[in-house]
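Chemist: Starting off with a structure, shown below.
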Amino acid sequence: MKVPFLDLGIQHRALREQALAALTATYDGTRFCLGKDVEDFEKAFAATLGYPRALAMNSGTAPLHVACMIAGFGPGDEVITPPFTFISSAWGISYVGATPVFADVEEGTFNLDPVQLEAAITPRTKGIIVVHLFGQPARMEEIMAVARRHNLFVIEDCAQAVGAHYRGTPVGAIGDAGTFSFYPTKNLGGCGEGGAFVSRREEVHTQARHIRVHGSDRRYYHDIIGGNFRMDGFQGALLNVKLPHLAAWTARRQAIAARYLAEITLADVRLPEQPAYGKSVFHQFTIRHPRRDALREHLAKHDVGTDLIYPVPLHLQKCYAYLGRGAGSFPVAEKAAATCVSLPIFPELTDDQVGQVIAGVNSF
C-alpha cells in the first residue's frame with residue numbers, strides 16, 4: 001500500500017458535485033472579481049474562526065504585502081522575521097523597500113524565539129512578522145511584550161495555522177494584522193491562489209480594504225497608493241464549499257498527529273513539541289533525525305511519501321545573500337533545515353496508512 005505525502009484528489013472528488021454547482025452559479029451570475037461569493041466567504045470565515053471581520057485576497061503573499069504597506073515599513077527600516085519559514089514571510093518586507101532581519105527559532109516548535117527576537121532589535125526596527133509554523137502557535141505573549149516595549153507593528157503570518165488558537169484567542173487576532181493563505185495544499189485550500197487579511201483594529205482593516213482595490217473606496221477615486229489584491233469569485237465560491245468541513249479536517253489532522261506522537265518510538269527522532277499555550281492544527285507533522293536523508297530513503301522503500309519543508313533557511317537563499325548572514329548565523333534554523341523531514345498528515349489518510357507510516361519510521 002502506497003502512502004502519498006499528500007493527495008488533494010481525494011478531498012476534491014468527495015466535494016466535486018457541490019464544487020461544480022457553486023462554480024456554475026458564480027459563472028452564471030458573472031461574479032468574477034470580489035462579489036457575493038467572496039463577501040459570503042469573508043463573513044463565514046470571520047464568524048467561523050472568531051474574527052471581527054475578514055478581507056479575502058488573491059494569494060497568501062498579498063495580505064503580507066498589504067500589512068507591510070499599512071505598517072508604513074520602508075527604506076531604512078528593519079523588520080524581524082524567522083529564517084525557517086516559506087519565503088513569503090519576508091517578501092512583503094522586501095516589496096516595500098525595508099530590510100528583513102532574521103532572528104533564530106526555538107528548538108521545540110520551530111517558531112520565533114522571543115529572546116532572539118529582542119536581541120535582534122536595533123533603533124531601525126519597525127516591526128515583526130511572526131510565523132505560526134506548521135500550524136503551531138508561536139509564543140505570542142512574550143512576543144507582544146517585546147513589541148510593546150519597542151513600539152513595533154506585529155504581523156502574524158497564519159498561512160499554515162488556520163483555526164489555531166493561542167490561549168483561547170485565534171491566531172491573527174493578537175498582533176496588529178493577521179494573514180492567511182488558501183493555497184491548495186493548506187488546511188483550508190482553494191483550487192488556485194487565495195488569502196485573507198484580518199485585524200482587530202478597525203482602522204487597519206479599513207486601510208487594507210482600500211489598498212486591496214487600487215487604494216480606492218469609490219470607483220475612480222484613489223485616496224492612497226493601493227494595488228490589485230482582490231480574490232476572484234470562483235475561489236470564493238469554492239472556499240464556501242470547503243469551509244464547513246474545516247473543523248472536521250482539523251480534528252482528523254490532530255488525531256493522526258496524536259498517533260504519531262504516541263507511537264513513533266525510533267531512537268534519535270525528535271518529535272514536535274506541544275506547548276500548553278496553543279494546540280497545533282498540524283499543517284505539517286515535522287520530525288527531526290540526524291540521518292534525515294537516509295530515513296527518507298528508507299521510508300520511500302516502504303512506500304511512504306515525505307517532503308523537506310524547508311531545506312534552505314531564508315538567510316542562506318541567494319536572493320538574501322546581500323544581507324551578509326552566512327552559514328552559522330542562525331544555528332537552530334540551520335540545524336532544523338538539515339535534519340527535518342515531514343510525514344504525511346492530510347485528513348483523508350486511513351488508519352492503516354497512518355500505521356504504515358509509524359511502522360516505516362520505527363523500522364529504520
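Numbering starts fresh at 1 for the residues of each chain in the C-alpha cells, the chains themselves are lettered A, B, ... in the order given, and ligands are numbered from 1 as they appear.
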Residues of segment 58-161 of chain A classed as strand (DSSP E or B) by DSSP on the backbone are to be reported as a PyMOL selection string.
Modeler: chain A and resi 78-81+99-102+105+112+125-131+153-157
Chemist: Could the residues in this selection be saved with C-alpha atoms as an mmCIF file, in the first residue's frame?
Modeler:
```cif
data_model
loop_
_atom_site.group_PDB
_atom_site.id
_atom_site.type_symbol
_atom_site.label_atom_id
_atom_site.label_comp_id
_atom_site.auth_asym_id
_atom_site.auth_seq_id
_atom_site.Cartn_x
_atom_site.Cartn_y
_atom_site.Cartn_z
ATOM 1 C CA GLU A 78 14.200 46.839 9.633
ATOM 2 C CA VAL A 79 11.540 44.178 10.163
ATOM 3 C CA ILE A 80 12.310 40.987 12.076
ATOM 4 C CA THR A 81 11.107 37.549 10.982
ATOM 5 C CA THR A 99 15.258 45.223 5.239
ATOM 6 C CA PRO A 100 14.455 41.738 6.543
ATOM 7 C CA VAL A 101 16.313 40.974 9.760
ATOM 8 C CA PHE A 102 16.266 37.369 10.890
ATOM 9 C CA VAL A 105 13.789 29.945 16.120
ATOM 10 C CA LEU A 112 10.402 32.684 16.541
ATOM 11 C CA THR A 125 13.486 48.122 13.849
ATOM 12 C CA LYS A 126 9.882 48.990 12.981
ATOM 13 C CA GLY A 127 8.052 45.677 13.103
ATOM 14 C CA ILE A 128 7.866 41.910 13.472
ATOM 15 C CA ILE A 129 6.423 39.241 11.218
ATOM 16 C CA VAL A 130 5.645 36.235 13.419
ATOM 17 C CA VAL A 131 5.103 32.874 11.709
ATOM 18 C CA PHE A 153 3.913 46.751 14.486
ATOM 19 C CA VAL A 154 3.197 42.991 14.682
ATOM 20 C CA ILE A 155 2.047 40.956 11.692
ATOM 21 C CA GLU A 156 1.030 37.333 12.266
ATOM 22 C CA ASP A 157 1.697 35.006 9.329
#
```
Chemist: Output as a PyMOL selection string all residues of segment 96-341 of chain A that backbone DSSP marks as helix (DSSP H, G or I).
Modeler: chain A and resi 114-119+133-135+140-150+202-212+233-263+292-301+314-316+318-323+331-339
Chemist: Just checking: using only C-alpha atoms, which residue out of A:Phe84, A:Phe45, A:Tyr51, A:Tyr260 ends up closest to Arg200 of chain A?
Modeler: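 So, comparing all the options, the nearest one is A:Tyr51.
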Chemist: Residues at most 10 Å from Asp352 of chain A, counting only C-alpha atoms, excluding those fewer than 6 positions away in the same chain, as a count of residues only?
Modeler: 3
Chemist: Tell me which protein, DNA and RNA residues are within 9 Å of Ala19 of chain A, counting only C-alpha atoms, leaving out same-chain ones fewer than 3 positions away, and put them as a ChimeraX atom specification.
Modeler: /A:12,15-16,22-24,237-238,241-242
Chemist: With only C-alpha atoms as the atoms that count, which of A:Gly108, A:Thr26, A:Thr85, A:His222 lies nearest to Cys158 of chain A?
Modeler: A:Thr85
Chemist: Just want the 12 Å neighbourhood of Tyr27 of chain A, counted on only C-alpha atoms, with same-chain residues fewer than 2 positions away dropped. Output as a compact mmCIF listing (two decimals) with C-alpha atoms, in the first residue's frame.
Modeler:
```
# COMPACT_ATOMS: atom_id res chain seq x y z
CA LEU A 20 -19.17 22.34 -9.65
CA ALA A 21 -22.61 23.60 -8.63
CA ALA A 22 -21.00 26.53 -6.81
CA LEU A 23 -18.76 27.34 -9.77
CA THR A 24 -21.73 27.18 -12.14
CA ALA A 25 -23.68 29.65 -10.00
CA GLY A 29 -24.06 35.20 -12.12
CA THR A 30 -20.85 36.71 -13.64
CA ARG A 31 -19.49 37.24 -10.11
CA PHE A 32 -15.84 37.18 -11.15
CA CYS A 33 -13.91 39.79 -9.10
CA GLY A 35 -18.75 39.93 -5.47
CA ASP A 37 -19.36 34.68 -3.27
CA ASP A 232 -11.75 36.16 -7.67
CA GLY A 233 -15.32 34.90 -7.38
CA PHE A 234 -14.53 31.31 -8.28
CA GLN A 235 -12.13 30.95 -5.35
CA ALA A 237 -17.32 30.01 -4.24
```
Chemist: Which residues come within 12 Å of Ala255 of chain A, counting only C-alpha atoms, excluding same-chain residues fewer than 4 positions away, as an MDAnalysis selection string?
Modeler: chainID A and resid 248:251 259:262 280:282 285 345:351 354
Chemist: Just C-alpha atoms for this one: save the residues we selected as a PDB file, in the first residue's frame.
Modeler:
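Contents of again35.pdb, freshly written:
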```
ATOM      1  CA  ALA A 248     -13.601  18.024  10.954  1.00  0.00           C
ATOM      2  CA  TRP A 249     -10.468  18.106   8.799  1.00  0.00           C
ATOM      3  CA  THR A 250      -8.540  19.778  11.617  1.00  0.00           C
ATOM      4  CA  ALA A 251      -9.738  17.198  14.147  1.00  0.00           C
ATOM      5  CA  ARG A 259      -0.957   8.637  16.979  1.00  0.00           C
ATOM      6  CA  TYR A 260       2.401   9.742  15.612  1.00  0.00           C
ATOM      7  CA  LEU A 261       3.312  11.348  18.938  1.00  0.00           C
ATOM      8  CA  ALA A 262       2.278   8.268  20.909  1.00  0.00           C
ATOM      9  CA  SER A 280      -1.230  22.822  16.703  1.00  0.00           C
ATOM     10  CA  VAL A 281      -3.590  22.345  13.765  1.00  0.00           C
ATOM     11  CA  PHE A 282      -0.806  20.300  12.136  1.00  0.00           C
ATOM     12  CA  PHE A 285       3.977  16.886  11.105  1.00  0.00           C
ATOM     13  CA  ILE A 345      -0.778  14.179   7.664  1.00  0.00           C
ATOM     14  CA  PHE A 346      -3.668  15.083   5.371  1.00  0.00           C
ATOM     15  CA  PRO A 347      -7.201  14.335   6.686  1.00  0.00           C
ATOM     16  CA  GLU A 348      -8.019  11.608   4.168  1.00  0.00           C
ATOM     17  CA  LEU A 349      -5.251   9.255   5.345  1.00  0.00           C
ATOM     18  CA  THR A 350      -6.705   5.957   6.534  1.00  0.00           C
ATOM     19  CA  ASP A 351      -5.847   4.426   9.883  1.00  0.00           C
ATOM     20  CA  VAL A 354      -1.079   6.036   9.420  1.00  0.00           C
TER      21      VAL A 354
END
```
Chemist: Which residue, A:Pro63, A:Gly324, A:Pro331, A:Gly360, has the smallest gap to Val204 of chain A when you use only C-alpha atoms?
Modeler: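 Selected residue with least distance to Val204 of chain A: A:Pro63.
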Chemist: Name all residues at most 12 Å from Arg296 of chain A (count only C-alpha atoms; drop same-chain ones fewer than 3 positions away) and give them as a list in words.
Modeler: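 Final neighbour list, sorted by chain and number: Phe5, Ile287, Arg288, His289, Pro290, Arg291, Arg292, Asp293, Leu299, Ala300, Lys301, His302, Asp303, Val304, Gly305, Thr306, Asp307, Leu308, Thr339, Cys340, Val341, Ser342, Leu343, Val357, Gly360, Val361 and Phe364 of chain A.
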Chemist: For atom CA of Ile143 of chain A and atom CA of Ile70 of chain A, determine how far apart the two atoms are, in Å to one decimal place.
Modeler: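 Between atom CA of Ile143 of chain A and atom CA of Ile70 of chain A the gap works out to 20.1 Å.
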Chemist: Counting only C-alpha atoms, figure out which residue out of A:Gln254, A:Ser199, A:Asn187, A:Thr286 gets nearest to Ile174 of chain A.
Modeler: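 Residue with the minimum atom-to-atom distance to Ile174 of chain A: A:Ser199.
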Chemist: Identify which of the residues A:Ala159, A:Ala14, A:Leu133, A:Ala138 lies closest to Ser59 of chain A, counting only C-alpha atoms when measuring atom-to-atom distances.
Modeler: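 Once distances to Ser59 of chain A are computed over only C-alpha atoms, the minimum belongs to A:Ala159.
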